[in-house]
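Trainee: The following file, entry-v6.txt, comprises compact mmCIF, N, CA and C atoms:
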```txt
# COMPACT_ATOMS: atom_id res chain seq x y z
N MET A 337 0.82 -1.20 0.00
CA MET A 337 0.00 0.00 0.00
C MET A 337 0.86 1.26 0.00
N GLU A 338 1.93 1.29 0.78
CA GLU A 338 2.80 2.46 0.85
C GLU A 338 3.39 2.77 -0.52
N HIS A 339 3.79 1.73 -1.25
CA HIS A 339 4.37 1.91 -2.59
C HIS A 339 3.38 2.62 -3.52
N ILE A 340 2.12 2.22 -3.47
CA ILE A 340 1.09 2.84 -4.31
C ILE A 340 0.90 4.30 -3.92
N GLU A 341 0.83 4.58 -2.64
CA GLU A 341 0.66 5.96 -2.19
C GLU A 341 1.82 6.83 -2.66
N MET A 342 3.04 6.36 -2.56
CA MET A 342 4.19 7.14 -2.97
C MET A 342 4.19 7.34 -4.48
N GLN A 343 3.73 6.33 -5.22
CA GLN A 343 3.62 6.47 -6.68
C GLN A 343 2.65 7.60 -7.02
N LEU A 344 1.54 7.69 -6.30
CA LEU A 344 0.58 8.77 -6.54
C LEU A 344 1.17 10.13 -6.19
N ILE A 345 1.91 10.18 -5.09
CA ILE A 345 2.58 11.44 -4.71
C ILE A 345 3.57 11.85 -5.79
N ALA A 346 4.34 10.89 -6.29
CA ALA A 346 5.32 11.18 -7.35
C ALA A 346 4.63 11.71 -8.60
N GLU A 347 3.50 11.14 -8.96
CA GLU A 347 2.74 11.62 -10.13
C GLU A 347 2.24 13.05 -9.90
N CYS A 348 1.74 13.33 -8.70
CA CYS A 348 1.28 14.68 -8.38
C CYS A 348 2.44 15.68 -8.43
N MET A 349 3.60 15.25 -7.94
CA MET A 349 4.80 16.09 -8.00
C MET A 349 5.11 16.45 -9.45
N GLN A 350 5.14 15.44 -10.30
CA GLN A 350 5.47 15.66 -11.71
C GLN A 350 4.49 16.64 -12.35
N ASP A 351 3.21 16.52 -12.01
CA ASP A 351 2.19 17.45 -12.52
C ASP A 351 2.48 18.87 -12.05
N ALA A 352 2.81 19.02 -10.77
CA ALA A 352 3.11 20.35 -10.22
C ALA A 352 4.34 20.94 -10.90
N PHE A 353 5.39 20.13 -11.08
CA PHE A 353 6.62 20.61 -11.71
C PHE A 353 6.38 21.02 -13.16
N ALA A 354 5.51 20.28 -13.85
CA ALA A 354 5.19 20.61 -15.25
C ALA A 354 4.51 21.98 -15.36
N GLN A 355 3.87 22.41 -14.26
CA GLN A 355 3.21 23.72 -14.22
C GLN A 355 4.11 24.79 -13.60
N GLY A 356 5.37 24.43 -13.33
CA GLY A 356 6.31 25.38 -12.74
C GLY A 356 6.09 25.62 -11.26
N LYS A 357 5.41 24.70 -10.60
CA LYS A 357 5.12 24.84 -9.17
C LYS A 357 6.02 23.93 -8.33
N THR A 358 6.03 24.18 -7.02
CA THR A 358 6.68 23.28 -6.09
C THR A 358 5.63 22.31 -5.56
N PHE A 359 6.09 21.35 -4.75
CA PHE A 359 5.18 20.37 -4.17
C PHE A 359 5.65 20.06 -2.76
N SER A 360 4.72 19.96 -1.81
CA SER A 360 5.08 19.70 -0.42
C SER A 360 4.28 18.53 0.16
N PHE A 361 4.93 17.77 1.04
CA PHE A 361 4.24 16.73 1.80
C PHE A 361 5.09 16.37 3.02
N THR A 362 4.54 15.57 3.91
CA THR A 362 5.24 15.12 5.11
C THR A 362 5.72 13.69 4.90
N PRO A 363 7.04 13.50 4.75
CA PRO A 363 7.55 12.14 4.52
C PRO A 363 7.65 11.33 5.82
N TYR A 364 7.62 10.02 5.66
CA TYR A 364 7.76 9.10 6.78
C TYR A 364 9.00 8.24 6.57
N GLY A 365 9.69 7.92 7.64
CA GLY A 365 10.89 7.12 7.59
C GLY A 365 11.95 7.75 8.47
N ASP A 366 12.97 6.97 8.81
CA ASP A 366 14.00 7.49 9.71
C ASP A 366 15.38 7.63 9.07
N SER A 367 15.50 7.39 7.78
CA SER A 367 16.82 7.42 7.15
C SER A 367 17.42 8.82 7.09
N MET A 368 16.62 9.87 7.20
CA MET A 368 17.14 11.23 7.12
C MET A 368 17.17 11.95 8.47
N LEU A 369 17.00 11.18 9.57
CA LEU A 369 17.14 11.78 10.90
C LEU A 369 18.57 12.28 11.08
N PRO A 370 18.83 13.34 11.74
CA PRO A 370 17.89 14.23 12.42
C PRO A 370 17.35 15.35 11.52
N THR A 371 17.84 15.42 10.27
CA THR A 371 17.45 16.52 9.39
C THR A 371 15.95 16.53 9.14
N ILE A 372 15.39 15.37 8.80
CA ILE A 372 13.95 15.26 8.54
C ILE A 372 13.38 14.25 9.53
N GLN A 373 12.48 14.72 10.38
CA GLN A 373 11.87 13.90 11.43
C GLN A 373 10.69 13.12 10.86
N ASN A 374 10.63 11.84 11.18
CA ASN A 374 9.60 10.93 10.71
C ASN A 374 8.19 11.46 10.98
N GLY A 375 7.48 11.85 9.92
CA GLY A 375 6.10 12.29 10.03
C GLY A 375 5.88 13.62 10.72
N LYS A 376 6.96 14.36 11.02
CA LYS A 376 6.82 15.63 11.75
C LYS A 376 7.20 16.85 10.92
N HIS A 377 7.98 16.65 9.88
CA HIS A 377 8.44 17.80 9.09
C HIS A 377 7.70 17.87 7.76
N PHE A 378 7.40 19.09 7.36
CA PHE A 378 6.72 19.39 6.11
C PHE A 378 7.81 19.78 5.11
N VAL A 379 7.97 18.99 4.05
CA VAL A 379 9.09 19.16 3.13
C VAL A 379 8.58 19.67 1.78
N THR A 380 9.27 20.69 1.25
CA THR A 380 8.92 21.27 -0.05
C THR A 380 9.97 20.88 -1.07
N PHE A 381 9.48 20.45 -2.23
CA PHE A 381 10.33 19.95 -3.31
C PHE A 381 10.17 20.80 -4.57
N THR A 382 11.22 20.77 -5.38
CA THR A 382 11.18 21.33 -6.72
C THR A 382 11.74 20.27 -7.66
N GLN A 383 11.59 20.50 -8.95
CA GLN A 383 12.13 19.56 -9.93
C GLN A 383 13.64 19.43 -9.73
N CYS A 384 14.17 18.24 -9.90
CA CYS A 384 15.59 17.99 -9.66
C CYS A 384 16.40 18.29 -10.93
N ILE A 385 16.86 19.54 -11.01
CA ILE A 385 17.70 19.97 -12.13
C ILE A 385 19.07 20.34 -11.56
N ASN A 386 20.12 19.86 -12.19
CA ASN A 386 21.49 20.12 -11.75
C ASN A 386 21.72 19.79 -10.28
N PRO A 387 21.49 18.53 -9.87
CA PRO A 387 21.73 18.17 -8.47
C PRO A 387 23.21 18.30 -8.12
N LYS A 388 23.46 18.66 -6.86
CA LYS A 388 24.82 18.86 -6.37
C LYS A 388 25.03 18.07 -5.08
N VAL A 389 26.31 17.85 -4.76
CA VAL A 389 26.65 17.18 -3.51
C VAL A 389 26.05 17.96 -2.35
N TYR A 390 25.47 17.24 -1.41
CA TYR A 390 24.76 17.70 -0.21
C TYR A 390 23.29 18.06 -0.45
N ASP A 391 22.82 18.07 -1.71
CA ASP A 391 21.38 18.23 -1.95
C ASP A 391 20.66 17.00 -1.41
N ILE A 392 19.44 17.19 -0.95
CA ILE A 392 18.58 16.08 -0.54
C ILE A 392 17.60 15.85 -1.68
N VAL A 393 17.56 14.62 -2.19
CA VAL A 393 16.72 14.33 -3.35
C VAL A 393 15.81 13.13 -3.10
N LEU A 394 14.68 13.14 -3.78
CA LEU A 394 13.78 12.00 -3.81
C LEU A 394 14.09 11.25 -5.10
N TYR A 395 14.41 9.97 -4.97
CA TYR A 395 14.71 9.19 -6.17
C TYR A 395 13.98 7.85 -6.11
N ARG A 396 13.96 7.20 -7.25
CA ARG A 396 13.29 5.90 -7.35
C ARG A 396 14.33 4.83 -7.65
N ARG A 397 14.37 3.83 -6.76
CA ARG A 397 15.28 2.70 -6.97
C ARG A 397 14.74 1.83 -8.10
N PRO A 398 15.60 1.01 -8.70
CA PRO A 398 15.13 0.08 -9.75
C PRO A 398 13.99 -0.82 -9.27
N SER A 399 13.92 -1.09 -7.97
CA SER A 399 12.85 -1.92 -7.40
C SER A 399 11.50 -1.20 -7.40
N GLY A 400 11.53 0.12 -7.65
CA GLY A 400 10.30 0.92 -7.62
C GLY A 400 10.11 1.67 -6.32
N MET A 401 10.95 1.39 -5.33
CA MET A 401 10.85 2.07 -4.03
C MET A 401 11.35 3.51 -4.14
N TYR A 402 10.61 4.42 -3.51
CA TYR A 402 11.00 5.84 -3.48
C TYR A 402 11.78 6.10 -2.20
N VAL A 403 12.89 6.85 -2.35
CA VAL A 403 13.79 7.09 -1.23
C VAL A 403 14.19 8.56 -1.20
N LEU A 404 14.27 9.10 0.01
CA LEU A 404 14.70 10.49 0.22
C LEU A 404 16.05 10.44 0.92
N HIS A 405 17.13 10.77 0.18
CA HIS A 405 18.49 10.73 0.72
C HIS A 405 19.29 11.92 0.24
N ARG A 406 20.47 12.07 0.82
CA ARG A 406 21.37 13.17 0.49
C ARG A 406 22.43 12.69 -0.51
N ILE A 407 22.76 13.57 -1.46
CA ILE A 407 23.86 13.28 -2.38
C ILE A 407 25.16 13.50 -1.59
N VAL A 408 25.99 12.46 -1.54
CA VAL A 408 27.23 12.56 -0.77
C VAL A 408 28.47 12.50 -1.67
N GLY A 409 28.27 12.26 -2.95
CA GLY A 409 29.41 12.22 -3.87
C GLY A 409 28.96 12.17 -5.31
N LYS A 410 29.87 12.56 -6.19
CA LYS A 410 29.60 12.56 -7.64
C LYS A 410 30.57 11.59 -8.29
N LEU A 411 30.06 10.75 -9.16
CA LEU A 411 30.86 9.81 -9.93
C LEU A 411 30.80 10.22 -11.40
N ARG A 412 31.65 9.62 -12.23
CA ARG A 412 31.59 9.91 -13.66
C ARG A 412 30.22 9.58 -14.25
N ASP A 413 29.64 8.47 -13.78
CA ASP A 413 28.38 8.01 -14.38
C ASP A 413 27.18 8.12 -13.44
N GLY A 414 27.25 8.94 -12.42
CA GLY A 414 26.11 9.08 -11.52
C GLY A 414 26.50 9.73 -10.21
N PHE A 415 25.71 9.44 -9.20
CA PHE A 415 25.90 10.04 -7.88
C PHE A 415 25.94 8.96 -6.81
N MET A 416 26.49 9.31 -5.66
CA MET A 416 26.44 8.46 -4.47
C MET A 416 25.47 9.13 -3.51
N LEU A 417 24.52 8.35 -2.98
CA LEU A 417 23.52 8.88 -2.05
C LEU A 417 23.50 8.07 -0.77
N CYS A 418 23.13 8.74 0.32
CA CYS A 418 23.03 8.07 1.61
C CYS A 418 22.12 8.90 2.51
N GLY A 419 21.35 8.24 3.33
CA GLY A 419 20.55 8.94 4.33
C GLY A 419 21.44 9.48 5.43
N ASP A 420 21.05 10.59 6.03
CA ASP A 420 21.84 11.18 7.12
C ASP A 420 21.96 10.22 8.30
N ASN A 421 21.01 9.30 8.43
CA ASN A 421 20.98 8.34 9.54
C ASN A 421 21.37 6.94 9.06
N GLU A 422 22.04 6.84 7.93
CA GLU A 422 22.40 5.56 7.33
C GLU A 422 23.91 5.41 7.22
N ASN A 423 24.36 4.19 7.05
CA ASN A 423 25.78 3.91 6.85
C ASN A 423 26.09 3.38 5.46
N THR A 424 25.08 2.99 4.72
CA THR A 424 25.28 2.41 3.40
C THR A 424 25.12 3.47 2.32
N ILE A 425 26.14 3.58 1.48
CA ILE A 425 26.09 4.52 0.37
C ILE A 425 25.60 3.76 -0.86
N GLU A 426 24.58 4.32 -1.53
CA GLU A 426 24.05 3.71 -2.75
C GLU A 426 24.69 4.39 -3.96
N TYR A 427 25.10 3.60 -4.94
CA TYR A 427 25.71 4.15 -6.15
C TYR A 427 25.64 3.11 -7.25
N PRO A 428 25.72 3.44 -8.50
CA PRO A 428 25.46 4.81 -8.95
C PRO A 428 23.96 5.07 -9.00
N ILE A 429 23.58 6.26 -8.61
CA ILE A 429 22.20 6.73 -8.77
C ILE A 429 22.25 7.75 -9.89
N TYR A 430 21.40 7.59 -10.87
CA TYR A 430 21.42 8.46 -12.05
C TYR A 430 20.44 9.60 -11.90
N GLN A 431 20.77 10.73 -12.52
CA GLN A 431 19.89 11.89 -12.43
C GLN A 431 18.50 11.57 -12.98
N LYS A 432 18.42 10.72 -13.97
CA LYS A 432 17.11 10.36 -14.55
C LYS A 432 16.19 9.71 -13.51
N ASP A 433 16.77 9.14 -12.45
CA ASP A 433 15.97 8.50 -11.40
C ASP A 433 15.63 9.44 -10.25
N MET A 434 16.17 10.66 -10.31
CA MET A 434 15.90 11.66 -9.27
C MET A 434 14.65 12.44 -9.67
N ILE A 435 13.65 12.37 -8.84
CA ILE A 435 12.36 12.97 -9.14
C ILE A 435 12.28 14.41 -8.67
N ALA A 436 12.84 14.67 -7.50
CA ALA A 436 12.68 16.01 -6.90
C ALA A 436 13.84 16.32 -5.96
N LYS A 437 14.03 17.61 -5.73
CA LYS A 437 15.06 18.09 -4.81
C LYS A 437 14.38 18.89 -3.70
N VAL A 438 14.81 18.67 -2.46
CA VAL A 438 14.26 19.39 -1.32
C VAL A 438 14.76 20.82 -1.34
N ILE A 439 13.83 21.78 -1.20
CA ILE A 439 14.22 23.19 -1.14
C ILE A 439 13.85 23.84 0.19
N ALA A 440 13.02 23.15 1.00
CA ALA A 440 12.66 23.70 2.31
C ALA A 440 12.13 22.59 3.20
N ILE A 441 12.44 22.74 4.49
CA ILE A 441 11.91 21.82 5.52
C ILE A 441 11.38 22.69 6.65
N ARG A 442 10.16 22.39 7.10
CA ARG A 442 9.56 23.12 8.22
C ARG A 442 9.08 22.12 9.26
N ASP A 443 9.24 22.50 10.54
CA ASP A 443 8.75 21.62 11.60
C ASP A 443 7.24 21.84 11.79
N GLU A 444 6.67 21.14 12.79
CA GLU A 444 5.21 21.21 13.00
C GLU A 444 4.73 22.60 13.42
N ASN A 445 5.65 23.47 13.84
CA ASN A 445 5.30 24.85 14.21
C ASN A 445 5.58 25.84 13.08
N GLY A 446 6.02 25.33 11.93
CA GLY A 446 6.31 26.20 10.79
C GLY A 446 7.72 26.77 10.78
N LYS A 447 8.53 26.38 11.76
CA LYS A 447 9.90 26.88 11.84
C LYS A 447 10.76 26.20 10.77
N SER A 448 11.56 27.00 10.08
CA SER A 448 12.44 26.51 9.03
C SER A 448 13.58 25.67 9.61
N ILE A 449 13.87 24.54 8.98
CA ILE A 449 14.96 23.64 9.36
C ILE A 449 16.03 23.72 8.28
N SER A 450 17.30 23.78 8.69
CA SER A 450 18.39 23.86 7.73
C SER A 450 18.50 22.58 6.90
N LEU A 451 18.74 22.76 5.61
CA LEU A 451 18.92 21.62 4.70
C LEU A 451 20.37 21.15 4.66
N HIS A 452 21.26 21.97 5.10
CA HIS A 452 22.68 21.77 4.84
C HIS A 452 23.40 21.03 5.95
N CYS A 453 24.40 20.26 5.54
CA CYS A 453 25.32 19.64 6.49
C CYS A 453 26.14 20.76 7.09
N LYS A 454 26.37 20.71 8.36
CA LYS A 454 27.16 21.75 9.01
C LYS A 454 28.39 21.15 9.65
N GLY A 455 29.45 21.94 9.69
CA GLY A 455 30.68 21.65 10.41
C GLY A 455 31.07 20.19 10.52
N LEU A 456 30.92 19.65 11.74
CA LEU A 456 31.35 18.29 12.04
C LEU A 456 30.63 17.27 11.17
N VAL A 457 29.33 17.45 10.96
CA VAL A 457 28.56 16.51 10.13
C VAL A 457 29.17 16.45 8.74
N LYS A 458 29.48 17.61 8.17
CA LYS A 458 30.06 17.66 6.83
C LYS A 458 31.42 16.96 6.80
N LYS A 459 32.25 17.18 7.80
CA LYS A 459 33.56 16.54 7.86
C LYS A 459 33.42 15.03 7.96
N LEU A 460 32.45 14.56 8.78
CA LEU A 460 32.23 13.12 8.91
C LEU A 460 31.77 12.51 7.59
N TRP A 461 30.89 13.21 6.87
CA TRP A 461 30.43 12.71 5.57
C TRP A 461 31.59 12.62 4.60
N LEU A 462 32.42 13.66 4.55
CA LEU A 462 33.55 13.64 3.63
C LEU A 462 34.48 12.47 3.95
N LYS A 463 34.73 12.23 5.23
CA LYS A 463 35.59 11.13 5.64
C LYS A 463 34.96 9.80 5.22
N LYS A 464 33.65 9.65 5.45
CA LYS A 464 32.94 8.42 5.09
C LYS A 464 33.02 8.17 3.59
N VAL A 465 32.81 9.21 2.79
CA VAL A 465 32.83 9.08 1.33
C VAL A 465 34.24 8.75 0.85
N LYS A 466 35.26 9.41 1.40
CA LYS A 466 36.64 9.13 0.99
C LYS A 466 37.02 7.68 1.31
N LEU A 467 36.65 7.19 2.48
CA LEU A 467 36.93 5.80 2.83
C LEU A 467 36.20 4.83 1.90
N PHE A 468 34.98 5.18 1.57
CA PHE A 468 34.19 4.33 0.67
C PHE A 468 34.81 4.27 -0.71
N ILE A 469 35.24 5.41 -1.24
CA ILE A 469 35.86 5.46 -2.56
C ILE A 469 37.17 4.68 -2.55
N LYS A 470 37.96 4.84 -1.50
CA LYS A 470 39.22 4.10 -1.37
C LYS A 470 38.96 2.60 -1.38
N LYS A 471 37.90 2.17 -0.68
CA LYS A 471 37.53 0.76 -0.62
C LYS A 471 37.19 0.24 -2.02
N ILE A 472 36.44 1.03 -2.79
CA ILE A 472 36.05 0.63 -4.15
C ILE A 472 37.30 0.52 -5.03
N LEU A 473 38.16 1.51 -4.97
CA LEU A 473 39.34 1.53 -5.83
C LEU A 473 40.34 0.43 -5.49
N CYS A 474 40.37 0.02 -4.23
CA CYS A 474 41.32 -1.00 -3.79
C CYS A 474 40.76 -2.42 -3.87
N SER A 475 39.52 -2.56 -4.25
CA SER A 475 38.90 -3.91 -4.33
C SER A 475 39.31 -4.63 -5.59
```
Do you think you could lay out the structure here as structure tokens?

Mentor:
Amino acid sequence: MEHIEMQLIAECMQDAFAQGKTFSFTPYGDSMLPTIQNGKHFVTFTQCINPKVYDIVLYRRPSGMYVLHRIVGKLRDGFMLCGDNENTIEYPIYQKDMIAKVIAIRDENGKSISLHCKGLVKKLWLKKVKLFIKKILCS
């Protein structure tokens, strides 16, 4: 049932983007904690054009599952993505599979939440990505 609901949301997003509009909803899941709280934050999306490292994007896996994760690296043939609360980096993820990019997050009181990795979090991500790339190259 969840898969069908997300498919409908994705279709509504595409319709909004075709009209030059944004689209907002409250996502569920814990992979983006603490940035996005499960069922508590209202997230606004725009069409995913020119994604960059540290952007948070909604993409569709080959299995059909929709996932909201952060871009943590760029490869020649795609991107590396991982949830802020995850340890597994997915790659390659292609831009064609990215449906939307997060442009705003608000809590239940309407307060704006930062989208960006800050200080120590950013350093930890860079270290994680560098170790991951080294592991791939040395395999």

Trainee: Could you please give me, as a list in words, the residues of protein, DNA or RNA lying at most 5 Å from (6.4, 21.2, 5.5) in the coordinate frame of the file, considering all atoms listed in the file?

Mentor: His377, Phe378, Val379 and Arg442 of chain A

Trainee: Leaving out Lys432 of chain A and any residue of its chain fewer than 5 positions from it, which residues lie within 12 Å of it when counting only C-alpha atoms, given as a ChimeraX atom specification?

Mentor: /A:383-387,393-398,413-415

Trainee: Grab the atom CA of Lys410 of chain A to atom CA of Asp351 of chain A distance for me, in Å with one decimal place.

Mentor: 28.3 Å

Trainee: Nearest to Arg406 of chain A among A:Ser448, A:Asn423, A:Met368, A:Tyr430, with distances taken over all atoms listed in the file: which residue is it?

Mentor: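 Closest residue, counting all atoms listed in the file: A:Met368.
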
Trainee: DSSP on the backbone, alpha helix (DSSP H) only: what residues of chain A does that give? Format it as a compact mmCIF listing (two decimals) with N, CA and C atoms, in the frame of the given file.

Mentor:
```txt
# COMPACT_ATOMS: atom_id res chain seq x y z
N GLU A 338 1.93 1.29 0.78
CA GLU A 338 2.80 2.46 0.85
C GLU A 338 3.39 2.77 -0.52
N HIS A 339 3.79 1.73 -1.25
CA HIS A 339 4.37 1.91 -2.59
C HIS A 339 3.38 2.62 -3.52
N ILE A 340 2.12 2.22 -3.47
CA ILE A 340 1.09 2.84 -4.31
C ILE A 340 0.90 4.30 -3.92
N GLU A 341 0.83 4.58 -2.64
CA GLU A 341 0.66 5.96 -2.19
C GLU A 341 1.82 6.83 -2.66
N MET A 342 3.04 6.36 -2.56
CA MET A 342 4.19 7.14 -2.97
C MET A 342 4.19 7.34 -4.48
N GLN A 343 3.73 6.33 -5.22
CA GLN A 343 3.62 6.47 -6.68
C GLN A 343 2.65 7.60 -7.02
N LEU A 344 1.54 7.69 -6.30
CA LEU A 344 0.58 8.77 -6.54
C LEU A 344 1.17 10.13 -6.19
N ILE A 345 1.91 10.18 -5.09
CA ILE A 345 2.58 11.44 -4.71
C ILE A 345 3.57 11.85 -5.79
N ALA A 346 4.34 10.89 -6.29
CA ALA A 346 5.32 11.18 -7.35
C ALA A 346 4.63 11.71 -8.60
N GLU A 347 3.50 11.14 -8.96
CA GLU A 347 2.74 11.62 -10.13
C GLU A 347 2.24 13.05 -9.90
N CYS A 348 1.74 13.33 -8.70
CA CYS A 348 1.28 14.68 -8.38
C CYS A 348 2.44 15.68 -8.43
N MET A 349 3.60 15.25 -7.94
CA MET A 349 4.80 16.09 -8.00
C MET A 349 5.11 16.45 -9.45
N GLN A 350 5.14 15.44 -10.30
CA GLN A 350 5.47 15.66 -11.71
C GLN A 350 4.49 16.64 -12.35
N ASP A 351 3.21 16.52 -12.01
CA ASP A 351 2.19 17.45 -12.52
C ASP A 351 2.48 18.87 -12.05
N ALA A 352 2.81 19.02 -10.77
CA ALA A 352 3.11 20.35 -10.22
C ALA A 352 4.34 20.94 -10.90
N PHE A 353 5.39 20.13 -11.08
CA PHE A 353 6.62 20.61 -11.71
C PHE A 353 6.38 21.02 -13.16
N ALA A 354 5.51 20.28 -13.85
CA ALA A 354 5.19 20.61 -15.25
C ALA A 354 4.51 21.98 -15.36
N GLY A 455 29.45 21.94 9.69
CA GLY A 455 30.68 21.65 10.41
C GLY A 455 31.07 20.19 10.52
N LEU A 456 30.92 19.65 11.74
CA LEU A 456 31.35 18.29 12.04
C LEU A 456 30.63 17.27 11.17
N VAL A 457 29.33 17.45 10.96
CA VAL A 457 28.56 16.51 10.13
C VAL A 457 29.17 16.45 8.74
N LYS A 458 29.48 17.61 8.17
CA LYS A 458 30.06 17.66 6.83
C LYS A 458 31.42 16.96 6.80
N LYS A 459 32.25 17.18 7.80
CA LYS A 459 33.56 16.54 7.86
C LYS A 459 33.42 15.03 7.96
N LEU A 460 32.45 14.56 8.78
CA LEU A 460 32.23 13.12 8.91
C LEU A 460 31.77 12.51 7.59
N TRP A 461 30.89 13.21 6.87
CA TRP A 461 30.43 12.71 5.57
C TRP A 461 31.59 12.62 4.60
N LEU A 462 32.42 13.66 4.55
CA LEU A 462 33.55 13.64 3.63
C LEU A 462 34.48 12.47 3.95
N LYS A 463 34.73 12.23 5.23
CA LYS A 463 35.59 11.13 5.64
C LYS A 463 34.96 9.80 5.22
N LYS A 464 33.65 9.65 5.45
CA LYS A 464 32.94 8.42 5.09
C LYS A 464 33.02 8.17 3.59
N VAL A 465 32.81 9.21 2.79
CA VAL A 465 32.83 9.08 1.33
C VAL A 465 34.24 8.75 0.85
N LYS A 466 35.26 9.41 1.40
CA LYS A 466 36.64 9.13 0.99
C LYS A 466 37.02 7.68 1.31
N LEU A 467 36.65 7.19 2.48
CA LEU A 467 36.93 5.80 2.83
C LEU A 467 36.20 4.83 1.90
N PHE A 468 34.98 5.18 1.57
CA PHE A 468 34.19 4.33 0.67
C PHE A 468 34.81 4.27 -0.71
N ILE A 469 35.24 5.41 -1.24
CA ILE A 469 35.86 5.46 -2.56
C ILE A 469 37.17 4.68 -2.55
N LYS A 470 37.96 4.84 -1.50
CA LYS A 470 39.22 4.10 -1.37
C LYS A 470 38.96 2.60 -1.38
N LYS A 471 37.90 2.17 -0.68
CA LYS A 471 37.53 0.76 -0.62
C LYS A 471 37.19 0.24 -2.02
N ILE A 472 36.44 1.03 -2.79
CA ILE A 472 36.05 0.63 -4.15
C ILE A 472 37.30 0.52 -5.03
N LEU A 473 38.16 1.51 -4.97
CA LEU A 473 39.34 1.53 -5.83
C LEU A 473 40.34 0.43 -5.49
N CYS A 474 40.37 0.02 -4.23
CA CYS A 474 41.32 -1.00 -3.79
C CYS A 474 40.76 -2.42 -3.87
```

Trainee: For atom CA of Thr362 of chain A and atom C of Gln431 of chain A, quote the distance in Å rounded to one decimal.

Mentor: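 Result for atom CA of Thr362 of chain A versus atom C of Gln431 of chain A: 22.7 Å, one decimal.
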
Trainee: Between A:Asp391, A:Glu444, A:Glu341, A:Asp366, single out the one closest to Val408 of chain A, counting all atoms listed in the file.

Mentor: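 Among the listed residues, the smallest separation from Val408 of chain A belongs to A:Asp391.
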
Trainee: So how many Å separate atom N of Tyr390 of chain A and atom C of Met434 of chain A, to one decimal?

Mentor: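 A separation of 14.4 Å between them.
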
Trainee: Residues at most 6 Å from Cys418 of chain A, counting all atoms listed in the file, excluding those fewer than 2 positions away in the same chain, as a PDB file with N, CA and C atoms, keeping the file's coordinate frame?

Mentor:
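The file below, out.pdb, is the result:
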```
ATOM      1  N   HIS A 405      17.130  10.770   0.180  1.00  0.00           N
ATOM      2  CA  HIS A 405      18.490  10.730   0.720  1.00  0.00           C
ATOM      3  C   HIS A 405      19.290  11.920   0.240  1.00  0.00           C
ATOM      4  N   ARG A 406      20.470  12.070   0.820  1.00  0.00           N
ATOM      5  CA  ARG A 406      21.370  13.170   0.490  1.00  0.00           C
ATOM      6  C   ARG A 406      22.430  12.690  -0.510  1.00  0.00           C
ATOM      7  N   ILE A 407      22.760  13.570  -1.460  1.00  0.00           N
ATOM      8  CA  ILE A 407      23.860  13.280  -2.380  1.00  0.00           C
ATOM      9  C   ILE A 407      25.160  13.500  -1.590  1.00  0.00           C
ATOM     10  N   VAL A 408      25.990  12.460  -1.540  1.00  0.00           N
ATOM     11  CA  VAL A 408      27.230  12.560  -0.770  1.00  0.00           C
ATOM     12  C   VAL A 408      28.470  12.500  -1.670  1.00  0.00           C
ATOM     13  N   MET A 416      26.490   9.310  -5.660  1.00  0.00           N
ATOM     14  CA  MET A 416      26.440   8.460  -4.470  1.00  0.00           C
ATOM     15  C   MET A 416      25.470   9.130  -3.510  1.00  0.00           C
ATOM     16  N   ASP A 420      21.050  10.590   6.030  1.00  0.00           N
ATOM     17  CA  ASP A 420      21.840  11.180   7.120  1.00  0.00           C
ATOM     18  C   ASP A 420      21.960  10.220   8.300  1.00  0.00           C
ATOM     19  N   GLU A 422      22.040   6.840   7.930  1.00  0.00           N
ATOM     20  CA  GLU A 422      22.400   5.560   7.330  1.00  0.00           C
ATOM     21  C   GLU A 422      23.910   5.410   7.220  1.00  0.00           C
ATOM     22  N   THR A 424      25.080   2.990   4.720  1.00  0.00           N
ATOM     23  CA  THR A 424      25.280   2.410   3.400  1.00  0.00           C
ATOM     24  C   THR A 424      25.120   3.470   2.320  1.00  0.00           C
ATOM     25  N   ILE A 425      26.140   3.580   1.480  1.00  0.00           N
ATOM     26  CA  ILE A 425      26.090   4.520   0.370  1.00  0.00           C
ATOM     27  C   ILE A 425      25.600   3.760  -0.860  1.00  0.00           C
ATOM     28  N   GLU A 426      24.580   4.320  -1.530  1.00  0.00           N
ATOM     29  CA  GLU A 426      24.050   3.710  -2.750  1.00  0.00           C
ATOM     30  C   GLU A 426      24.690   4.390  -3.960  1.00  0.00           C
TER      31      GLU A 426
END
```

Trainee: Out of A:Leu411, A:Cys348, A:Ala436, A:Leu404, which residue has the shortest atom-to-atom distance to Thr382 of chain A when counting all atoms listed in the file?

Mentor: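 Among the listed residues, A:Ala436 lies closest to Thr382 of chain A.
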
Trainee: As lines of an AutoDock Vina configuration file, please report the centre and edge lengths, rounded to one decimal in Å, of the axis-aligned box that holds all listed atoms of segment 442-446 of chain A with 4 Å of padding on each of the six sides.

Mentor:
```
center_x = 7.4
center_y = 24.0
center_z = 10.7
size_x = 13.4
size_y = 13.6
size_z = 15.1
```

Trainee: How would you write, as a PyMOL selection string, the set of residues in segment 384-450 of chain A that DSSP gives as strand (DSSP E or B)?

Mentor: chain A and resi 392-396+402-411+414-418+426-429+434-442+448-449

Trainee: Which residue, A:Ile449, A:Leu344, A:Ile441, A:Leu417, has the smallest gap to Val403 of chain A when you use only C-alpha atoms?

Mentor: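 Checking each candidate against Val403 of chain A, we get A:Leu417 as the closest.
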
Trainee: Which is closest to Phe353 of chain A among A:Pro370, A:Gly365, A:Met401, A:Phe381, if we use all atoms listed in the file?

Mentor: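 Under the stated criterion, the closest residue is A:Phe381.
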